[in-house]
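Pasting query.txt here (compact mmCIF, C-alpha atoms and all ligand atoms):
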```
# COMPACT_ATOMS: atom_id res chain seq x y z
CA MET A 1 -20.54 -14.55 -3.92
CA SER A 2 -20.15 -10.91 -4.87
CA PRO A 3 -17.42 -8.50 -3.80
CA ASP A 4 -17.84 -7.78 -0.13
CA PRO A 5 -17.17 -4.26 1.22
CA ARG A 6 -16.43 -5.55 4.70
CA SER A 7 -13.65 -7.88 3.63
CA LEU A 8 -12.24 -5.12 1.43
CA ALA A 9 -12.21 -2.78 4.45
CA GLU A 10 -10.50 -5.45 6.56
CA ARG A 11 -7.78 -5.98 4.02
CA VAL A 12 -7.09 -2.28 3.45
CA SER A 13 -7.16 -1.60 7.21
CA ALA A 14 -4.59 -4.33 7.86
CA GLU A 15 -2.43 -3.10 5.03
CA THR A 16 -2.42 0.59 5.87
CA GLY A 17 -2.70 0.45 9.67
CA LEU A 18 -5.66 2.85 9.42
CA GLU A 19 -9.09 1.47 10.19
CA PHE A 20 -11.61 1.71 7.37
CA SER A 21 -15.27 0.80 7.17
CA GLY A 22 -16.82 -0.39 3.94
CA THR A 23 -20.20 0.14 2.27
CA GLU A 24 -21.59 -0.69 -1.15
CA GLY A 25 -24.19 0.51 -3.59
CA ARG A 26 -25.05 0.91 -7.24
CA ASP A 27 -24.75 3.78 -9.68
CA GLY A 28 -27.67 5.01 -11.77
CA ASP A 29 -26.61 2.73 -14.61
CA GLY A 30 -26.50 -0.27 -12.29
CA SER A 31 -22.70 -0.45 -11.89
CA ARG A 32 -21.69 -1.68 -8.47
CA TRP A 33 -19.41 0.34 -6.23
CA LEU A 34 -17.66 -0.32 -2.95
CA GLU A 35 -16.71 2.58 -0.72
CA LEU A 36 -14.14 2.90 2.04
CA CYS A 37 -14.12 5.62 4.69
CA PRO A 38 -11.86 5.95 7.78
CA ALA A 39 -13.83 4.37 10.64
CA GLY A 40 -14.92 6.39 13.64
CA HIS A 41 -14.87 9.83 11.98
CA PRO A 42 -17.63 11.72 10.18
CA ALA A 43 -17.06 11.27 6.43
CA THR A 44 -17.56 15.02 5.95
CA GLN A 45 -14.31 15.67 7.83
CA THR A 46 -12.27 12.92 6.24
CA PHE A 47 -12.60 11.32 2.81
CA THR A 48 -14.07 8.44 0.87
CA LEU A 49 -12.50 6.06 -1.60
CA ARG A 50 -15.09 4.74 -4.01
CA THR A 51 -14.22 1.80 -6.25
CA LEU A 52 -16.57 1.56 -9.21
CA VAL A 53 -16.70 -1.80 -10.93
CA GLY A 54 -17.59 -1.08 -14.54
CA TRP A 55 -17.63 -2.99 -17.78
CA ARG A 56 -14.07 -4.40 -17.99
CA ARG A 57 -12.80 -1.51 -15.89
CA ILE A 58 -12.24 -0.31 -12.36
CA ASP A 59 -12.29 3.35 -11.31
CA VAL A 60 -11.16 4.35 -7.82
CA HIS A 61 -12.05 7.90 -6.78
CA PHE A 62 -10.67 9.80 -3.80
CA ARG A 63 -13.07 12.50 -2.59
CA PRO A 64 -12.56 14.66 0.49
CA GLY A 65 -15.51 15.43 2.75
CA SER A 66 -17.00 18.90 2.52
CA PHE A 67 -15.42 19.90 5.85
CA ALA A 68 -12.04 18.29 5.29
CA GLY A 69 -10.10 21.51 4.62
CA GLU A 70 -7.65 20.96 7.45
CA LEU A 71 -6.95 17.45 6.31
CA MET A 72 -6.29 18.61 2.73
CA GLU A 73 -3.89 21.24 3.99
CA ALA A 74 -2.05 18.65 6.08
CA MET A 75 -1.82 16.29 3.11
CA GLY A 76 -0.26 19.08 1.02
CA ASN A 77 2.29 19.51 3.80
CA ALA A 78 3.25 15.84 3.98
CA ASP A 79 6.90 15.11 4.70
CA GLU A 80 9.39 13.99 2.05
CA THR A 81 8.75 10.27 2.63
CA GLY A 82 5.01 10.80 2.22
CA ARG A 83 5.41 12.85 -0.95
CA ARG A 84 7.76 10.41 -2.61
CA THR A 85 5.60 7.45 -1.60
CA PHE A 86 2.51 9.13 -3.07
CA GLN A 87 4.30 9.83 -6.35
CA THR A 88 5.90 6.37 -6.54
CA LEU A 89 2.56 4.65 -5.99
CA LEU A 90 0.77 6.64 -8.67
CA ALA A 91 3.68 6.05 -11.07
CA ALA A 92 3.48 2.30 -10.35
CA CYS A 93 -0.26 2.38 -11.12
CA ARG A 94 0.48 4.14 -14.40
CA ASP A 95 3.17 1.60 -15.27
CA ASP A 96 0.54 -1.07 -14.70
CA GLY A 97 -1.76 0.45 -17.31
CA ALA A 98 -3.88 2.86 -15.23
CA GLU A 99 -4.80 6.45 -16.03
CA ILE A 100 -4.30 8.88 -13.17
CA ALA A 101 -6.29 12.10 -12.87
CA LEU A 102 -5.13 14.44 -10.12
CA SER A 103 -6.71 17.76 -9.30
CA ILE A 104 -5.36 20.16 -6.68
CA ASN A 105 -7.24 23.35 -5.81
CA GLY A 106 -9.50 22.70 -8.76
CA SER A 107 -6.75 22.42 -11.41
CA PRO A 108 -5.52 19.27 -13.12
CA ARG A 109 -1.92 18.47 -12.18
CA ASP A 110 0.75 15.96 -13.08
CA PRO A 111 1.48 13.88 -9.96
CA ASN A 112 5.17 13.70 -10.88
CA ASP A 113 5.53 17.48 -10.95
CA ASP A 114 7.22 18.49 -7.70
CA ALA A 115 5.58 21.91 -8.02
CA ILE A 116 2.34 20.34 -6.72
CA TRP A 117 3.73 20.86 -3.21
CA ALA A 118 4.56 24.52 -3.73
CA SER A 119 1.32 26.10 -2.55
CA PRO A 120 -1.16 25.11 0.18
CA TRP A 121 -3.74 22.50 -0.74
CA ARG A 122 -7.33 23.61 -0.25
CA SER A 123 -8.84 20.77 -2.21
CA LEU A 124 -7.68 17.49 -3.64
CA GLU A 125 -9.30 14.88 -5.83
CA PHE A 126 -7.79 12.03 -7.71
CA SER A 127 -8.83 8.92 -9.53
CA ILE A 128 -7.10 5.79 -10.71
CA ARG A 129 -8.78 4.17 -13.71
CA ARG A 130 -7.78 0.83 -15.12
CA GLY A 131 -9.51 -0.45 -18.22
CA MET A 132 -9.08 -3.59 -20.33
CA LEU A 133 -9.64 -5.80 -17.30
CA ALA A 134 -11.16 -9.24 -17.31
CA ILE A 135 -13.71 -8.28 -14.70
CA ASN A 136 -17.46 -8.76 -14.29
CA GLN A 137 -17.29 -11.99 -16.24
CA GLY A 138 -18.65 -14.36 -13.65
CA ASP A 139 -15.52 -15.11 -11.61
CA ALA A 140 -16.21 -13.39 -8.28
CA ALA A 141 -12.85 -14.28 -6.71
CA ALA A 142 -10.95 -12.80 -9.67
CA ASP A 143 -13.14 -9.67 -9.50
CA MET A 144 -12.37 -9.29 -5.81
CA ARG A 145 -8.63 -9.58 -6.42
CA GLN A 146 -8.76 -6.69 -8.89
CA ILE A 147 -10.97 -4.61 -6.61
CA GLU A 148 -8.59 -5.20 -3.69
CA LEU A 149 -5.51 -4.45 -5.76
CA TRP A 150 -6.68 -1.10 -7.11
CA SER A 151 -8.46 -0.01 -3.92
CA SER A 152 -5.40 -0.77 -1.82
CA ARG A 153 -3.15 1.16 -4.20
CA ALA A 154 -5.41 4.21 -3.88
CA ALA A 155 -5.63 3.81 -0.09
CA ALA A 156 -1.86 3.51 0.27
CA SER A 157 -1.44 6.69 -1.81
CA VAL A 158 -3.73 8.59 0.55
CA VAL A 159 -2.26 7.12 3.73
CA ALA A 160 1.21 8.19 2.54
CA LEU A 161 0.11 11.83 2.88
CA LEU A 162 -1.95 11.62 6.05
CA PRO A 163 -0.80 13.33 9.22
CA LEU A 164 -0.45 10.13 11.22
CA GLN A 165 0.73 10.13 14.78
CA ALA A 166 4.42 10.54 15.36
CA GLN A 167 4.92 7.07 16.79
CA ASP A 168 3.54 5.56 13.61
CA ARG A 169 5.67 7.69 11.40
CA GLU A 170 9.02 7.39 13.09
CA PRO A 171 9.31 4.18 15.00
CA VAL A 172 12.45 3.77 17.07
CA GLU A 173 15.27 2.71 14.85
CA VAL A 174 16.26 -0.91 15.31
CA PRO A 175 19.48 -1.94 13.59
CA GLU A 176 19.39 -4.81 11.16
CA LEU A 177 20.43 -8.08 12.77
CA ALA A 178 24.16 -8.31 13.24
CA GLY A 179 25.93 -11.64 12.83
CA LEU A 180 24.58 -13.55 15.78
CA PRO A 181 25.67 -16.98 16.96
CA GLU A 182 23.52 -19.68 15.49
CA GLY A 183 20.25 -20.10 17.31
CA ALA A 184 20.84 -17.03 19.46
CA LYS A 185 17.80 -15.25 18.17
CA ILE A 186 14.92 -16.38 16.07
CA ARG A 187 12.94 -13.16 15.98
CA VAL A 188 13.50 -10.92 13.00
CA GLU A 189 14.32 -7.38 13.96
CA VAL A 190 13.24 -5.06 11.22
CA ASN A 191 14.53 -1.61 10.51
CA ARG A 192 12.50 1.55 10.57
CA TYR A 193 11.77 1.44 6.84
CA GLU A 194 10.15 -1.96 7.30
CA ARG A 195 8.13 -0.69 10.24
CA ASP A 196 6.87 2.57 8.76
CA ARG A 197 3.24 1.80 7.94
CA ARG A 198 3.31 4.05 4.89
CA ASN A 199 6.21 2.10 3.43
CA ARG A 200 4.57 -1.19 4.26
CA ALA A 201 1.25 -0.20 2.71
CA ALA A 202 2.96 1.12 -0.42
CA ALA A 203 5.13 -1.98 -0.85
CA LEU A 204 2.18 -4.37 -0.51
CA ALA A 205 -0.01 -2.27 -2.79
CA ILE A 206 2.68 -2.41 -5.48
CA HIS A 207 4.07 -5.92 -5.04
CA GLY A 208 1.19 -7.92 -3.56
CA TYR A 209 1.31 -10.72 -1.01
CA LEU A 210 3.37 -13.36 -2.76
CA CYS A 211 6.74 -14.06 -1.13
CA LYS A 212 9.35 -12.81 -3.62
CA ALA A 213 11.83 -15.48 -2.54
CA CYS A 214 9.72 -18.66 -2.49
CA ASP A 215 6.45 -17.65 -4.24
CA LEU A 216 4.40 -18.73 -1.23
CA ASP A 217 1.03 -17.08 -0.66
CA LEU A 218 0.23 -17.86 2.96
CA GLY A 219 -3.44 -17.01 2.49
CA GLU A 220 -3.66 -19.59 -0.27
CA ARG A 221 -1.83 -22.26 1.71
CA TYR A 222 -3.56 -21.82 5.08
CA GLY A 223 -6.80 -20.11 4.14
CA PRO A 224 -8.40 -17.07 5.77
CA ALA A 225 -6.45 -17.37 9.06
CA ALA A 226 -3.28 -16.44 7.18
CA ALA A 227 -4.76 -13.95 4.70
CA GLY A 228 -2.54 -10.89 4.49
CA LEU A 229 0.26 -12.47 6.50
CA ILE A 230 3.45 -11.23 4.90
CA GLU A 231 6.45 -9.19 5.94
CA VAL A 232 8.09 -6.30 4.18
CA HIS A 233 11.86 -6.44 3.76
CA HIS A 234 14.23 -3.61 2.96
CA VAL A 235 16.71 -4.91 0.40
CA THR A 236 19.40 -2.27 0.90
CA PRO A 237 21.30 -2.63 4.18
CA VAL A 238 20.68 0.34 6.45
CA SER A 239 24.44 0.69 6.92
CA GLU A 240 24.70 1.64 3.24
CA VAL A 241 22.14 4.42 3.27
CA GLY A 242 22.31 7.71 5.12
CA PRO A 243 19.74 8.95 7.64
CA ALA A 244 18.22 11.27 5.01
CA TYR A 245 17.59 8.40 2.60
CA ILE A 246 14.07 8.33 1.18
CA ILE A 247 12.77 4.87 0.53
CA ASP A 248 11.40 3.84 -2.87
CA PRO A 249 8.75 1.21 -2.05
CA ASN A 250 8.90 -0.08 -5.62
CA THR A 251 12.61 -0.92 -5.69
CA ASP A 252 13.82 -0.90 -2.07
CA LEU A 253 11.13 -3.05 -0.46
CA VAL A 254 9.99 -6.61 -1.17
CA PRO A 255 7.35 -8.83 0.43
CA LEU A 256 8.83 -11.93 2.08
CA CYS A 257 7.09 -14.69 3.99
CA PRO A 258 8.16 -14.94 7.66
CA ASN A 259 10.42 -17.94 6.90
CA CYS A 260 12.32 -16.32 4.07
CA HIS A 261 12.53 -13.04 5.99
CA ALA A 262 14.07 -14.79 8.98
CA VAL A 263 16.59 -16.58 6.75
CA ALA A 264 17.47 -13.32 4.96
CA HIS A 265 18.45 -11.75 8.28
CA ARG A 266 20.63 -14.65 9.43
CA ARG A 267 23.48 -12.77 7.81
CA SER A 268 24.43 -9.12 7.95
CA PRO A 269 24.15 -7.63 5.40
CA PRO A 270 21.05 -9.72 4.67
CA PHE A 271 20.97 -12.36 1.95
CA SER A 272 19.51 -11.03 -1.30
CA VAL A 273 16.29 -12.34 -2.78
CA ASP A 274 18.30 -14.09 -5.52
CA GLU A 275 20.52 -15.72 -2.91
CA LEU A 276 17.45 -16.92 -1.02
CA ARG A 277 16.01 -18.40 -4.20
CA GLY A 278 19.31 -20.11 -4.93
CA MET A 279 19.44 -21.75 -1.48
CA GLN A 280 16.09 -23.49 -1.76
CA ARG A 281 16.12 -27.21 -2.29
CA PRO A 282 13.61 -28.91 -4.52
CA ASP A 283 10.87 -30.80 -2.62
ZN ZN A 301 9.17 -17.20 1.33
ZN ZN A 302 14.20 -7.40 6.57
```

Can I see the file as structure tokens?
Ligand SMILES: [Zn+2]
Ligand SMILES: [Zn+2]
Amino acid sequence: MSPDPRSLAERVSAETGLEFSGTEGRDGDGSRWLELCPAGHPATQTFTLRTLVGWRRIDVHFRPGSFAGELMEAMGNADETGRRTFQTLLAACRDDGAEIALSINGSPRDPNDDAIWASPWRSLEFSIRRGMLAINQGDAAADMRQIELWSSRAAASVVALLPLQAQDREPVEVPELAGLPEGAKIRVEVNRYERDRRNRAAALAIHGYLCKACDLDLGERYGPAAAGLIEVHHVTPVSEVGPAYIIDPNTDLVPLCPNCHAVAHRRSPPFSVDELRGMQRPD
């Protein structure tokens, strides 16, 4: 089995809340690539994300379509949450050993430099390159995990800046669960940080799908029916942060399985990840 562009598109679509379609091909030197493009729009007006699988390395390239000027301008005007999420994601990639190349209006820029937002964006390109990988060595499942990881990090970086519809960006605020009588409510009510698709995509792209409290990977336990089933939890109680607070998906959000997430919210403020780990009884 070789890496499949359709399953990559499915995963990234579920993670970002934006529908992608996937294609594949080979470079002149025979290296395989997988490419994602937002579904239902001409690629010339949107963008492509091409993941090149090289010799012990993965390169993900973001390229705008030739008629995507409006989109580039909108991305350069992203709100504060989008900007911080973009920068946090690229910094997390760098911390994980990747090289980042960012070019705005034709000039190389440092993604952490806040001056990148100062003038209108007419063009944008970036790439995330990770070398020294055990890839292309005959283990297709391991290859796919690396392809998914780096492609989803690039996709989450782009989605952070996209002009998504208002209802996706600012869902109605739902307070964290207050102390309810036992058994009164079994549904977890998440706050707006947990519901913002940009935050969710960024948190999963950085942390992955393993529950941070019990180490469960639902996709591994139940198979494909549960692939990607995970919830994103905001570790700082909303009551402690002001309305202008900008989330850091690396430190403020953690993936939790639905069980652990429900237990976390049985108290207000929620139980911490360490407390959840401490509660668990050995099998
Ligand atoms: Zn769990
Ligand atoms: Zn939560």

Legend entry - Spatial neighbours of Pro120 in chain A, max dist 10 Å, all atoms listed in the file, sep filter under 4 positions, as a list in words: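 Everything that qualifies: Met72, Glu73, Ala74, Met75, Gly76, Asn77, Ile104, Asn105 and Ile116 of chain A.
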
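With all atoms listed in the file as the atoms that count, the residue of A:Arg122, A:Arg109, A:Arg153, A:His233 with the shortest distance to ligand ZN 302 (chain A) is A:His233.
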
Inset, instruction - For Glu125 in chain A, please output as a list in words all residues within 7 Å (counting all atoms listed in the file; exclusion window: fewer than 5 positions along the same chain). - result: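 Listed by chain and then number, they are Phe62, Arg63, Leu102, Ser103 and Ile104 of chain A.
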
Just want the residues within 8 Å of ligand ZN 301 (chain A), written as a PDB file with C-alpha atoms, in the frame of the given file, counting all atoms listed in the file.
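The resulting file, pocket-v7.pdb, is shown below:
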```pdb
ATOM      1  CA  CYS A 211       6.740 -14.060  -1.130  1.00  0.00           C
ATOM      2  CA  LYS A 212       9.350 -12.810  -3.620  1.00  0.00           C
ATOM      3  CA  ALA A 213      11.830 -15.480  -2.540  1.00  0.00           C
ATOM      4  CA  CYS A 214       9.720 -18.660  -2.490  1.00  0.00           C
ATOM      5  CA  ASP A 215       6.450 -17.650  -4.240  1.00  0.00           C
ATOM      6  CA  LEU A 216       4.400 -18.730  -1.230  1.00  0.00           C
ATOM      7  CA  LEU A 256       8.830 -11.930   2.080  1.00  0.00           C
ATOM      8  CA  CYS A 257       7.090 -14.690   3.990  1.00  0.00           C
ATOM      9  CA  PRO A 258       8.160 -14.940   7.660  1.00  0.00           C
ATOM     10  CA  ASN A 259      10.420 -17.940   6.900  1.00  0.00           C
ATOM     11  CA  CYS A 260      12.320 -16.320   4.070  1.00  0.00           C
ATOM     12  CA  HIS A 261      12.530 -13.040   5.990  1.00  0.00           C
TER      13      HIS A 261
END
```

Inset, instruction - Find the residues with any atom within 12 Å of (-6.7, -9.6, -3.2); use all atoms listed in the file and the coordinates as given in the file, and write the answer as a PyMOL selection string. - result: chain A and resi 3-4+7-12+15+140-153+204-205+207-210+217+219-220+224+227-228

Please produce a file of those selected residues containing C-alpha atoms, as a PDB file, in the frame of the given file.
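Dumped to again_24.pdb:
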```pdb
ATOM      1  CA  PRO A   3     -17.420  -8.500  -3.800  1.00  0.00           C
ATOM      2  CA  ASP A   4     -17.840  -7.780  -0.130  1.00  0.00           C
ATOM      3  CA  SER A   7     -13.650  -7.880   3.630  1.00  0.00           C
ATOM      4  CA  LEU A   8     -12.240  -5.120   1.430  1.00  0.00           C
ATOM      5  CA  ALA A   9     -12.210  -2.780   4.450  1.00  0.00           C
ATOM      6  CA  GLU A  10     -10.500  -5.450   6.560  1.00  0.00           C
ATOM      7  CA  ARG A  11      -7.780  -5.980   4.020  1.00  0.00           C
ATOM      8  CA  VAL A  12      -7.090  -2.280   3.450  1.00  0.00           C
ATOM      9  CA  GLU A  15      -2.430  -3.100   5.030  1.00  0.00           C
ATOM     10  CA  ALA A 140     -16.210 -13.390  -8.280  1.00  0.00           C
ATOM     11  CA  ALA A 141     -12.850 -14.280  -6.710  1.00  0.00           C
ATOM     12  CA  ALA A 142     -10.950 -12.800  -9.670  1.00  0.00           C
ATOM     13  CA  ASP A 143     -13.140  -9.670  -9.500  1.00  0.00           C
ATOM     14  CA  MET A 144     -12.370  -9.290  -5.810  1.00  0.00           C
ATOM     15  CA  ARG A 145      -8.630  -9.580  -6.420  1.00  0.00           C
ATOM     16  CA  GLN A 146      -8.760  -6.690  -8.890  1.00  0.00           C
ATOM     17  CA  ILE A 147     -10.970  -4.610  -6.610  1.00  0.00           C
ATOM     18  CA  GLU A 148      -8.590  -5.200  -3.690  1.00  0.00           C
ATOM     19  CA  LEU A 149      -5.510  -4.450  -5.760  1.00  0.00           C
ATOM     20  CA  TRP A 150      -6.680  -1.100  -7.110  1.00  0.00           C
ATOM     21  CA  SER A 151      -8.460  -0.010  -3.920  1.00  0.00           C
ATOM     22  CA  SER A 152      -5.400  -0.770  -1.820  1.00  0.00           C
ATOM     23  CA  ARG A 153      -3.150   1.160  -4.200  1.00  0.00           C
ATOM     24  CA  LEU A 204       2.180  -4.370  -0.510  1.00  0.00           C
ATOM     25  CA  ALA A 205      -0.010  -2.270  -2.790  1.00  0.00           C
ATOM     26  CA  HIS A 207       4.070  -5.920  -5.040  1.00  0.00           C
ATOM     27  CA  GLY A 208       1.190  -7.920  -3.560  1.00  0.00           C
ATOM     28  CA  TYR A 209       1.310 -10.720  -1.010  1.00  0.00           C
ATOM     29  CA  LEU A 210       3.370 -13.360  -2.760  1.00  0.00           C
ATOM     30  CA  ASP A 217       1.030 -17.080  -0.660  1.00  0.00           C
ATOM     31  CA  GLY A 219      -3.440 -17.010   2.490  1.00  0.00           C
ATOM     32  CA  GLU A 220      -3.660 -19.590  -0.270  1.00  0.00           C
ATOM     33  CA  PRO A 224      -8.400 -17.070   5.770  1.00  0.00           C
ATOM     34  CA  ALA A 227      -4.760 -13.950   4.700  1.00  0.00           C
ATOM     35  CA  GLY A 228      -2.540 -10.890   4.490  1.00  0.00           C
TER      36      GLY A 228
END
```

Legend entry - Selection near range 16-31 of chain A, 10 Å with only C-alpha atoms, sequence-local residues under 5 positions removed, as a ChimeraX atom specification: /A:3-11,36-41,48-55,152,155-160,164,168,196-202,204-205

Legend entry - Nearest to ligand ZN 302 (chain A), chosen from A:Thr85, A:Thr236, A:Gln45, A:Ser119, with only C-alpha atoms and all ligand atoms counted in the distances: A:Thr236

Inset, instruction - State, in Å with one decimal place, the distance from CA of Leu162 in chain A to CA of Pro237 in chain A. - result: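 It comes out at 27.3 Å.
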
Legend entry - Residue nearest ligand ZN 302 (chain A) among A:Arg129, A:His61, A:Arg195, A:Arg84 (counting all atoms listed in the file):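 Nearest to ligand ZN 302 (chain A): A:Arg195.
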
Legend entry - Best match for closeness to ligand ZN 302 (chain A) among A:Trp33, A:Phe126, A:Tyr193, A:Phe67, counting only C-alpha atoms and all ligand atoms: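 Ranked by minimum distance to ligand ZN 302 (chain A), first place goes to A:Tyr193.
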
Might I get the box with edges along x, y and z of the file that holds all atoms of range 131-145 of chain A listed there, padded by 4 Å on every side, given as centre and edge lengths in Å to one decimal, as lines of an AutoDock Vina configuration file?
```
center_x = -13.6
center_y = -7.8
center_z = -13.1
size_x = 18.0
size_y = 22.7
size_z = 22.5
```

Legend entry - Selected residue, from A:Leu161, A:Ala91, A:Arg56, A:Gly138, that lies nearest to Leu124 in chain A when counting all atoms listed in the file: A:Leu161

Inset, instruction - Find the residue from A:Thr44, A:Asp248, A:His234, A:Ser123 that sits nearest to Glu194 in chain A; use all atoms listed in the file when measuring. - result: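 Closest to Glu194 in chain A of all the choices is A:His234.
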